[in-house]
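Reviewing the structure listed below.
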Amino acid sequence: MAHELPKLPWADTALEPHISAETLSFHYGKHHNAYVTKLNAAIPGTEFESMSLEDTIMKSEGGLFNNAAQVWNHTFYWNCLAPKAGGAATGAIADKINAKWGSFDKFKDDFSNAAATNFGSGWTWLVENKGEVEIFNTSNADIPMKHGMKALMTIDVWEHAYYVDYRNARPKYIEGFWNLVNWDFVNSNL
Ligand code: MN
């Protein structure tokens with residue numbers, strides 16, 4: 001059973017001007033696609049044949065883990081984004097954010113700061129950890145489920161996520177992200 005590159009949940013121009021179709025042509029068309037291809041190339045003859053992506057992530061390490069986790073991370077990230085979305089959190093997650101941070105703006109500042117200062121390549125997550133919502137930074141392909149946490153929302157802070165649109169200006173990319181957050185999807189992960 002080969003893993004597949006899922007279709008994007010919107011048109012490749014739908015996230016403009018915050019994330020361009022050109023960025024997606026590389027980030028989805030080349031990078032995400034390459035993780036799927038490399039994962040599928042590494043699996044034949046291993047215990048991971050016919051294993052779900054999540055089980056593969058939990059049971060693997062090294063290069064195979066990196067590709068499996070990056071396949072999951074990117075699919076999750078695309079689902080966190082939507083056109084005509086963003087703004088303050090809505091629904092049950094808004095209540096949890098307000099209870100933890102006091103206001104959406106304080107959460108937004110803390111999350112943005114965590115994403116801006118996540119050193120090198122990685123991901124910044126909103127997670128649920130033992131019933132509490134938390135901001136969690138990971139490096140490279142690392143993923144909350146490997147730490148017993150449930151991912152609620154993420155931003156990819158690898159440079160390949162923003163260099164086409166923003167060059168080295170990660171904070172500008174993070175600013176744009178807040179116009180795209182799909183709070184319905186974030187709520188569906190609770
Ligand atoms: Mn990426």
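Order determines the names: the first chain of the structure tokens is A, the second B, and so forth; residues in each chain are numbered 1 upward, and ligands are numbered 1 upward as they are shown.
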
**OP:** Compile the contact shell of segment 76-79 of chain A as a PyMOL selection string: residues with an atom at most 12 Å away, counting only C-alpha atoms, same-chain residues fewer than 5 positions apart removed.
**Re:** chain A and resi 5-12+14-15+19+24+27-28+32+69-71+85+123-126+143-144+150-157+161+177+180-189

Let me see the file: selected residues, C-alpha atoms, as a short mmCIF file (atom, residue, chain, number, x, y, z; two decimals), in the first residue's frame.
data_model
loop_
_atom_site.label_atom_id
_atom_site.label_comp_id
_atom_site.auth_asym_id
_atom_site.auth_seq_id
_atom_site.Cartn_x
_atom_site.Cartn_y
_atom_site.Cartn_z
CA LEU A 5 0.21 12.84 -1.89
CA PRO A 6 -3.22 14.18 -0.91
CA LYS A 7 -4.83 16.86 -3.05
CA LEU A 8 -4.64 20.40 -1.68
CA PRO A 9 -7.96 21.40 -0.05
CA TRP A 10 -8.18 24.60 -2.18
CA ALA A 11 -6.93 26.03 -5.51
CA ASP A 12 -3.22 26.86 -5.66
CA ALA A 14 -6.52 30.57 -3.06
CA LEU A 15 -4.08 31.65 -0.34
CA ILE A 19 1.09 32.32 0.25
CA LEU A 24 2.89 26.03 -3.38
CA HIS A 27 6.38 23.50 -1.22
CA TYR A 28 3.59 21.12 -2.18
CA HIS A 32 5.78 17.46 0.05
CA ALA A 69 6.49 12.57 9.64
CA GLN A 70 7.03 15.22 6.96
CA VAL A 71 4.26 13.66 4.85
CA ALA A 85 -10.24 32.45 7.03
CA TRP A 123 7.38 23.50 13.12
CA THR A 124 5.47 25.51 15.71
CA TRP A 125 2.37 23.80 17.04
CA LEU A 126 -0.67 24.42 19.15
CA ILE A 143 5.97 15.77 15.46
CA PRO A 144 3.74 16.11 18.57
CA LYS A 150 -2.24 15.91 20.04
CA ALA A 151 -1.64 18.43 17.24
CA LEU A 152 -4.34 21.10 16.95
CA MET A 153 -2.67 23.64 14.61
CA THR A 154 0.73 24.19 13.01
CA ILE A 155 2.86 26.57 11.02
CA ASP A 156 5.76 25.26 8.95
CA VAL A 157 8.80 27.43 9.67
CA ALA A 161 7.72 27.51 3.39
CA PHE A 177 -0.44 33.01 8.43
CA LEU A 180 -5.34 31.95 6.75
CA VAL A 181 -5.94 29.89 9.91
CA ASN A 182 -8.81 27.45 9.38
CA TRP A 183 -10.36 27.53 12.87
CA ASP A 184 -12.99 24.96 11.83
CA PHE A 185 -10.18 22.46 11.20
CA VAL A 186 -8.41 23.42 14.45
CA ASN A 187 -11.67 22.84 16.35
CA SER A 188 -12.15 19.49 14.61
CA ASN A 189 -8.85 18.31 16.14
#

Subject >> Spatial neighbours of Thr37 of chain A, 9 Å, only C-alpha atoms, chain gap at least 6 places, as a ChimeraX atom specification >> reply: /A:3-5,67

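With only C-alpha atoms as the atoms that count, the minimum distance from Ala116 of chain A to the choices A:Phe26, A:Trp101, A:Tyr173, A:Phe48 is reached by A:Tyr173.
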
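Reported to one decimal place, the separation of atom CA of Asn179 of chain A from atom CA of Pro17 of chain A is 10.0 Å.
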
Per residue of segment 13-92 of chain A within 10 Å of segment 165-170 of chain A, which atom pair is closest and at what distance in Å (one decimal), using only C-alpha atoms, listed by chain and increasing number, as a Markdown table?
| residue | atom | partner | partner_atom | distance |
| --- | --- | --- | --- | --- |
| A:Pro17 | CA | A:Asp165 | CA | 8.9 |
| A:His18 | CA | A:Asp165 | CA | 8.0 |
| A:Ile19 | CA | A:Asp165 | CA | 6.9 |
| A:Ser20 | CA | A:Asp165 | CA | 6.8 |
| A:Ala21 | CA | A:Asp165 | CA | 9.8 |
| A:Glu22 | CA | A:Asp165 | CA | 8.3 |
| A:Thr23 | CA | A:Asp165 | CA | 6.8 |

Next, write the just-selected residues to a file, as a CSV table (one decimal), in the first residue's frame, keeping all heavy atoms as the atom set.
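And here's selection_22.csv as it stands now:
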chain,number,residue,atom,x,y,z
A,17,PRO,N,-2.8,36.9,-1.2
A,17,PRO,CA,-1.4,37.2,-1.4
A,17,PRO,C,-0.5,36.7,-0.3
A,17,PRO,O,0.7,36.9,-0.3
A,17,PRO,CB,-1.4,38.7,-1.4
A,17,PRO,CG,-2.4,39.1,-0.3
A,17,PRO,CD,-3.5,38.0,-0.5
A,18,HIS,N,-1.0,36.0,0.7
A,18,HIS,CA,-0.2,35.6,1.8
A,18,HIS,C,0.8,34.4,1.5
A,18,HIS,O,1.9,34.4,1.9
A,18,HIS,CB,-1.1,35.2,3.0
A,18,HIS,CG,-2.1,36.2,3.3
A,18,HIS,ND1,-1.7,37.5,3.7
A,18,HIS,CD2,-3.4,36.2,3.1
A,18,HIS,CE1,-2.8,38.2,3.8
A,18,HIS,NE2,-3.9,37.5,3.5
A,19,ILE,N,0.3,33.4,0.7
A,19,ILE,CA,1.1,32.3,0.2
A,19,ILE,C,0.8,32.2,-1.2
A,19,ILE,O,-0.4,31.9,-1.6
A,19,ILE,CB,0.8,31.0,1.0
A,19,ILE,CG1,1.2,31.2,2.5
A,19,ILE,CG2,1.5,29.8,0.4
A,19,ILE,CD1,0.9,30.0,3.4
A,20,SER,N,1.8,32.3,-2.1
A,20,SER,CA,1.6,32.4,-3.5
A,20,SER,C,1.5,31.0,-4.1
A,20,SER,O,1.9,30.0,-3.6
A,20,SER,CB,2.7,33.1,-4.2
A,20,SER,OG,3.9,32.4,-4.1
A,21,ALA,N,0.9,30.9,-5.3
A,21,ALA,CA,0.9,29.7,-6.1
A,21,ALA,C,2.3,29.2,-6.4
A,21,ALA,O,2.5,28.0,-6.4
A,21,ALA,CB,0.1,29.9,-7.4
A,22,GLU,N,3.2,30.1,-6.6
A,22,GLU,CA,4.6,29.7,-6.8
A,22,GLU,C,5.2,29.0,-5.6
A,22,GLU,O,5.9,28.0,-5.8
A,22,GLU,CB,5.4,31.0,-7.2
A,22,GLU,CG,6.8,30.6,-7.7
A,22,GLU,CD,7.7,31.7,-8.0
A,22,GLU,OE1,7.3,32.9,-7.8
A,22,GLU,OE2,8.9,31.5,-8.4
A,23,THR,N,4.9,29.6,-4.4
A,23,THR,CA,5.4,28.9,-3.2
A,23,THR,C,4.8,27.5,-3.2
A,23,THR,O,5.5,26.5,-2.9
A,23,THR,CB,5.0,29.7,-1.9
A,23,THR,OG1,5.8,30.8,-1.8
A,23,THR,CG2,5.1,28.8,-0.7

**OP:** Grab the atom CA of Leu64 of chain A to atom CA of Gly148 of chain A distance for me, in Å with one decimal place.
**Re:**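 Straight-line distance from atom CA of Leu64 of chain A to atom CA of Gly148 of chain A works out to 19.7 Å.
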
Subject >> Among listed residues A:Ala42, A:Val164, A:Leu53, A:Ala141, nearest ligand 1 (using only C-alpha atoms and all ligand atoms) >> reply: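 Checking each of A:Ala42, A:Val164, A:Leu53, A:Ala141 against ligand 1, counting only C-alpha atoms and all ligand atoms, the winner is A:Ala141.
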
Original post:
What is the atom CA of Ala88 of chain A to atom CA of Trp178 of chain A distance in Å?
Top reply: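 Result for atom CA of Ala88 of chain A versus atom CA of Trp178 of chain A: 8.4 Å, one decimal.
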
**OP:** List every residue of segment 32-161 of chain A that DSSP, applied to the backbone of this structure, assigns to helix (DSSP H, G or I), and report them as a ChimeraX atom specification.
**Re:** /A:32-42,53-59,62-80,91-101,104-117,144-147,159-161
